[in-house]
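Undergrad: Please see the structure below; I have some questions.
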Amino acid sequence: MLGKPWSNIRPWSCCKRFAHQLRPQIPDARWPGYAVVIGIEVHAQIKSREKLFSNTWTSDLDEAPNTHVSPYDAAFPGTLPRLNPKCVELGVRTAIALNAQVNHRSAFDRKHYFYHDLPSGYQITQHYAPFASDGFLQLEKNATAVRIKQIQLEQDTGKSMSDVRRRVSHVDLNRAGTGLMEIVSEPDLRSPEEAGNYVRTLQSLLRSVGSSDGNMEQGSLRCDVNVSVNKYNEPFGTRCEIKNLNSVKFMMVAITSEAFRQIELLESGRPVLQETRGFDEDKAETYALRSKEDAPDYRYMPDPNLPPLFLEKRYVSSIRAEMPELPDATRSRLQALGLSHRDADVLMTIDSGREVGHDGQLGHGAIAYFDTVAQGRDPKVVVNWITHELLGQLSHRHETFMENPLSATQMGDLIDLVQDKKITGTAGKTILRHVLEHKSTAMPSVLAKELSLLSNDDGDASLQKWCEEAIDTLTEEAQAVRDGNVNVINKLVGFVMKRSRGTANAKAARAILQSKLSSRS
Ligand SMILES: Nc1ncnc2c1ncn2[C@@H]1O[C@H](COP(=O)(O)OP(=O)(O)OP(=O)(O)O)[C@@H](O)[C@H]1O
Ligand SMILES: [Mg+2]
Ligand SMILES: [Mg+2]
């Protein structure tokens, strides 16, 4: 039995938690006397192996057209939808990450329109009764949160490509029926930069919970941006919605140019009319697609084949209990360990590039690696070895962190050797290079012995010998030091380091050389 789908409507004024936090308008030198207001509808493809209502596999961009299509996706009469629980689970994970309320009851509506990439003539969505509402996304620490009005599950459409010359259109239904989450923000953003920040923060959040790739270039994250302008501190103006923006950069340019266009209209005494607009990347300006009067009548109706969706509290808590750590919490935890903002950023950036399985399971990223190595060790020393030495050598070899052969246990052993002064830092880097080069699984303490890199007990005697050798070989440099040209001593120290294959203590070598060269003068 279907409930009334519209019984669950929650206008934003009902959003008690944040209603009092409506963002103030912000003056901006680019448009003096005006304020810009932005709200974004993000469509994020759900990272599920199967589509939203059929068990056909979702496709990648490089796959042949129409190879991932079930009769249901092609709207064959008599086929019926079956809700994919994985899409619901990933949606709930997203809702929890966005601090939203997961609604006990939600429902599916048909949104009708005619287009060749939509074979059924309607898209199933949750316009009236979304599965989650009233969330927020914190952009930066202490900044006001951007309120999330609602998150709804819906189907993606197919793709159509027109061949104008041959006057035909090609339709590819691979994408038809793939699960999307539409994440609708309240009009809380106040500048193009804030809008860019919002989308980037949302992207990394979706990736960290494994619910979407969030890749704008590949179309797994698409934004419709609503922009309005008003005289500073007056009520909001009429919004225009800009569709199909495929990069954060273009989105920011589109908002800026749209704000100027609307201000120009108001300045010349003309009203801004509510419309849907496109963005011309070459001209860097928006253009009208359709006005409010031309807006299609979607004739929303509850889908008779899908009963309401009931999500029990127990189900939501079980997902909450399994949630991975969210970016904000990770950053705070890393900084509490004494890592700088920059080091935390570097680790988190490598981490967000980690591979996520097609089923949405997370792989082991840089944060997990850091956490393992840092157990019982100085976090700052550990992060230094990971971000400077390891990443430095990997990038020198044109390899990514995913290809790193040095296990966390090996890294820990290596750091201990250096910290306990059993080997020098230079010898540590040599061992690191050796492991990367040979994909060695041997422990660094074993390798240090094999490669004769241990700072051995007769270290002092060897050091004396190498210093003597340096003075005897580099006679001219030695004389220059004796004559008071102190900087030349670096050449002699370099000789000793080379001779010792990096095992010598450079400071001690310098001291010995200094004393030898001053007593001989
Ligand atoms: N005055 C305004 N200025 C800028 N943005 C606004 C304004 N009023 C509302 N918005 C934003 O417009 C968006 C409206 O999205 P919503 O999905 O609710 O409706 P829609 O755009 O009419 O529907 P559809 O999903 O069919 O595009 C929200 O992101 C909201 O924050
Ligand atoms: Mg919308
Ligand atoms: Mg819209």
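Ordering of the structure tokens sets the chain letters (A, B, ...); residue numbers start at 1 within each chain; ligands are numbered from 1 in the order shown.
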Sorted by chain and rising residue number, list the residues of chain A at most 8 Å from ligand 2 (counting only C-alpha atoms and all ligand atoms), each with its closest atom pair and distance in Å to one decimal, as a Markdown table.
TA:
| residue | atom | partner | partner_atom_place_in_ligand_line | distance |
| --- | --- | --- | --- | --- |
| A:Glu41 | CA | ligand 2 | 1 (Mg) | 5.6 |
| A:His127 | CA | ligand 2 | 1 (Mg) | 7.8 |
| A:Glu182 | CA | ligand 2 | 1 (Mg) | 6.9 |
| A:Val184 | CA | ligand 2 | 1 (Mg) | 6.4 |
| A:Asp224 | CA | ligand 2 | 1 (Mg) | 7.9 |
Undergrad: Any idea what's packed within 9 Å of A:Leu406, counting only C-alpha atoms, ignoring anything in its chain fewer than 5 positions away? Could you give it as a list in words?
TA: Leu390, Met411, Leu432, Val435, Leu436, Lys439, Ser440 and Thr441 of chain A
Undergrad: Mind pulling up the distance from atom CA of A:Ser211 to atom CA of A:Ala329?
TA: 18.0 Å
Undergrad: Find the residue from A:Val272, A:Ala344, A:Leu90, A:Ala295 that sits nearest to ligand 3; use only C-alpha atoms and all ligand atoms when measuring.
TA: A:Ala295
Undergrad: Let me see if you get this right: every residue at most 9 Å from ligand 3, counting only C-alpha atoms and all ligand atoms, written as a list in words.
TA: Ile40, Glu41, Val184, Asp224, Val225, Asn226, Glu241, Ile242, Lys243 and Thr276 of chain A
Undergrad: Write to file, as a PDB file, in the first residue's frame, the residues of the selection just made, with N, CA and C atoms.
TA:
ATOM      1  N   ILE A  40      23.484  24.721  -4.600  1.00  0.00           N
ATOM      2  CA  ILE A  40      23.963  23.742  -5.589  1.00  0.00           C
ATOM      3  C   ILE A  40      23.223  22.418  -5.471  1.00  0.00           C
ATOM      4  N   GLU A  41      22.834  21.868  -6.617  1.00  0.00           N
ATOM      5  CA  GLU A  41      22.281  20.511  -6.672  1.00  0.00           C
ATOM      6  C   GLU A  41      23.366  19.622  -7.275  1.00  0.00           C
ATOM      7  N   VAL A 184      21.047  18.235  -2.411  1.00  0.00           N
ATOM      8  CA  VAL A 184      20.588  19.617  -2.643  1.00  0.00           C
ATOM      9  C   VAL A 184      20.984  20.498  -1.461  1.00  0.00           C
ATOM     10  N   ASP A 224      24.309  21.276 -10.819  1.00  0.00           N
ATOM     11  CA  ASP A 224      23.455  22.348 -11.312  1.00  0.00           C
ATOM     12  C   ASP A 224      23.612  23.458 -10.280  1.00  0.00           C
ATOM     13  N   VAL A 225      23.949  24.659 -10.764  1.00  0.00           N
ATOM     14  CA  VAL A 225      24.250  25.739  -9.834  1.00  0.00           C
ATOM     15  C   VAL A 225      23.186  26.823  -9.929  1.00  0.00           C
ATOM     16  N   ASN A 226      22.563  27.144  -8.811  1.00  0.00           N
ATOM     17  CA  ASN A 226      21.533  28.182  -8.766  1.00  0.00           C
ATOM     18  C   ASN A 226      22.156  29.473  -8.243  1.00  0.00           C
ATOM     19  N   GLU A 241      19.225  28.830 -12.882  1.00  0.00           N
ATOM     20  CA  GLU A 241      19.911  27.561 -12.655  1.00  0.00           C
ATOM     21  C   GLU A 241      20.813  27.251 -13.848  1.00  0.00           C
ATOM     22  N   ILE A 242      22.113  27.094 -13.600  1.00  0.00           N
ATOM     23  CA  ILE A 242      23.054  26.794 -14.689  1.00  0.00           C
ATOM     24  C   ILE A 242      23.330  25.293 -14.685  1.00  0.00           C
ATOM     25  N   LYS A 243      23.087  24.671 -15.825  1.00  0.00           N
ATOM     26  CA  LYS A 243      23.167  23.203 -15.921  1.00  0.00           C
ATOM     27  C   LYS A 243      24.487  22.756 -16.546  1.00  0.00           C
ATOM     28  N   THR A 276      16.471  28.496 -16.802  1.00  0.00           N
ATOM     29  CA  THR A 276      17.518  27.488 -16.804  1.00  0.00           C
ATOM     30  C   THR A 276      18.519  27.913 -17.864  1.00  0.00           C
TER      31      THR A 276
END
Undergrad: Counting only C-alpha atoms and all ligand atoms, what are the residues, protein, DNA or RNA alike, that approach ligand 1 to within 9 Å? I want them as a ChimeraX atom specification.
TA: /A:36-42,111,127,147-150,182-189,224-230,235-241,243,276,298
Undergrad: Output N, CA and C atoms for every residue in the selection just made, as a short mmCIF file (atom, residue, chain, number, x, y, z; two decimals), in the first residue's frame.
TA:
data_model
loop_
_atom_site.label_atom_id
_atom_site.label_comp_id
_atom_site.auth_asym_id
_atom_site.auth_seq_id
_atom_site.Cartn_x
_atom_site.Cartn_y
_atom_site.Cartn_z
N VAL A 36 25.78 38.03 -3.57
CA VAL A 36 25.51 36.88 -4.44
C VAL A 36 25.11 35.69 -3.56
N VAL A 37 24.08 34.97 -3.99
CA VAL A 37 23.57 33.83 -3.23
C VAL A 37 23.58 32.61 -4.16
N ILE A 38 24.12 31.50 -3.64
CA ILE A 38 24.28 30.31 -4.49
C ILE A 38 23.76 29.08 -3.76
N GLY A 39 23.05 28.22 -4.47
CA GLY A 39 22.64 26.90 -3.95
C GLY A 39 22.98 25.87 -5.02
N ILE A 40 23.48 24.72 -4.60
CA ILE A 40 23.96 23.74 -5.59
C ILE A 40 23.22 22.42 -5.47
N GLU A 41 22.83 21.87 -6.62
CA GLU A 41 22.28 20.51 -6.67
C GLU A 41 23.37 19.62 -7.28
N VAL A 42 23.89 18.71 -6.46
CA VAL A 42 24.95 17.83 -6.93
C VAL A 42 24.35 16.46 -7.24
N LYS A 111 9.14 11.29 -12.56
CA LYS A 111 9.25 12.66 -13.09
C LYS A 111 9.23 12.49 -14.60
N HIS A 127 11.62 13.21 -5.26
CA HIS A 127 11.43 14.65 -5.17
C HIS A 127 10.68 15.06 -3.90
N ARG A 147 24.02 24.24 4.82
CA ARG A 147 22.96 23.29 5.13
C ARG A 147 22.59 22.46 3.89
N ILE A 148 22.35 21.19 4.13
CA ILE A 148 21.91 20.31 3.06
C ILE A 148 20.41 20.13 3.23
N LYS A 149 19.66 20.52 2.20
CA LYS A 149 18.20 20.46 2.30
C LYS A 149 17.74 19.01 2.25
N GLN A 150 18.20 18.29 1.23
CA GLN A 150 17.78 16.89 1.12
C GLN A 150 18.71 16.08 0.24
N GLU A 182 21.02 12.75 -5.46
CA GLU A 182 20.98 14.20 -5.67
C GLU A 182 21.09 14.85 -4.30
N ILE A 183 22.15 15.62 -4.13
CA ILE A 183 22.41 16.28 -2.85
C ILE A 183 22.10 17.76 -3.05
N VAL A 184 21.05 18.24 -2.41
CA VAL A 184 20.59 19.62 -2.64
C VAL A 184 20.98 20.50 -1.46
N SER A 185 21.76 21.54 -1.74
CA SER A 185 22.16 22.45 -0.66
C SER A 185 21.11 23.54 -0.49
N GLU A 186 21.06 24.13 0.68
CA GLU A 186 20.26 25.35 0.86
C GLU A 186 21.05 26.49 0.21
N PRO A 187 20.40 27.64 -0.06
CA PRO A 187 21.14 28.74 -0.70
C PRO A 187 22.09 29.42 0.29
N ASP A 188 23.10 28.70 0.75
CA ASP A 188 23.97 29.17 1.82
C ASP A 188 25.35 29.60 1.34
N LEU A 189 25.62 29.46 0.05
CA LEU A 189 26.96 29.81 -0.44
C LEU A 189 26.95 31.25 -0.92
N ASP A 224 24.31 21.28 -10.82
CA ASP A 224 23.45 22.35 -11.31
C ASP A 224 23.61 23.46 -10.28
N VAL A 225 23.95 24.66 -10.76
CA VAL A 225 24.25 25.74 -9.83
C VAL A 225 23.19 26.82 -9.93
N ASN A 226 22.56 27.14 -8.81
CA ASN A 226 21.53 28.18 -8.77
C ASN A 226 22.16 29.47 -8.24
N VAL A 227 21.99 30.55 -9.02
CA VAL A 227 22.63 31.82 -8.66
C VAL A 227 21.58 32.92 -8.62
N SER A 228 21.64 33.76 -7.57
CA SER A 228 20.81 34.97 -7.58
C SER A 228 21.62 36.11 -6.99
N VAL A 229 21.20 37.34 -7.30
CA VAL A 229 21.86 38.50 -6.69
C VAL A 229 20.78 39.39 -6.07
N ASN A 230 21.18 40.13 -5.08
CA ASN A 230 20.25 41.10 -4.49
C ASN A 230 21.04 42.28 -3.96
N PRO A 235 16.18 41.14 0.66
CA PRO A 235 15.80 39.73 0.44
C PRO A 235 16.45 39.16 -0.82
N PHE A 236 16.57 37.84 -0.85
CA PHE A 236 17.20 37.16 -1.98
C PHE A 236 16.50 37.49 -3.30
N GLY A 237 17.28 37.49 -4.37
CA GLY A 237 16.72 37.75 -5.70
C GLY A 237 16.21 36.47 -6.34
N THR A 238 15.82 36.58 -7.62
CA THR A 238 15.31 35.43 -8.37
C THR A 238 16.49 34.60 -8.85
N ARG A 239 16.39 33.27 -8.71
CA ARG A 239 17.52 32.43 -9.08
C ARG A 239 17.47 31.99 -10.54
N CYS A 240 18.64 31.83 -11.15
CA CYS A 240 18.76 31.16 -12.44
C CYS A 240 19.58 29.91 -12.19
N GLU A 241 19.23 28.83 -12.88
CA GLU A 241 19.91 27.56 -12.66
C GLU A 241 20.81 27.25 -13.85
N LYS A 243 23.09 24.67 -15.83
CA LYS A 243 23.17 23.20 -15.92
C LYS A 243 24.49 22.76 -16.55
N THR A 276 16.47 28.50 -16.80
CA THR A 276 17.52 27.49 -16.80
C THR A 276 18.52 27.91 -17.86
N TYR A 298 6.45 18.30 -15.17
CA TYR A 298 6.96 16.94 -14.97
C TYR A 298 5.89 15.94 -14.55
#
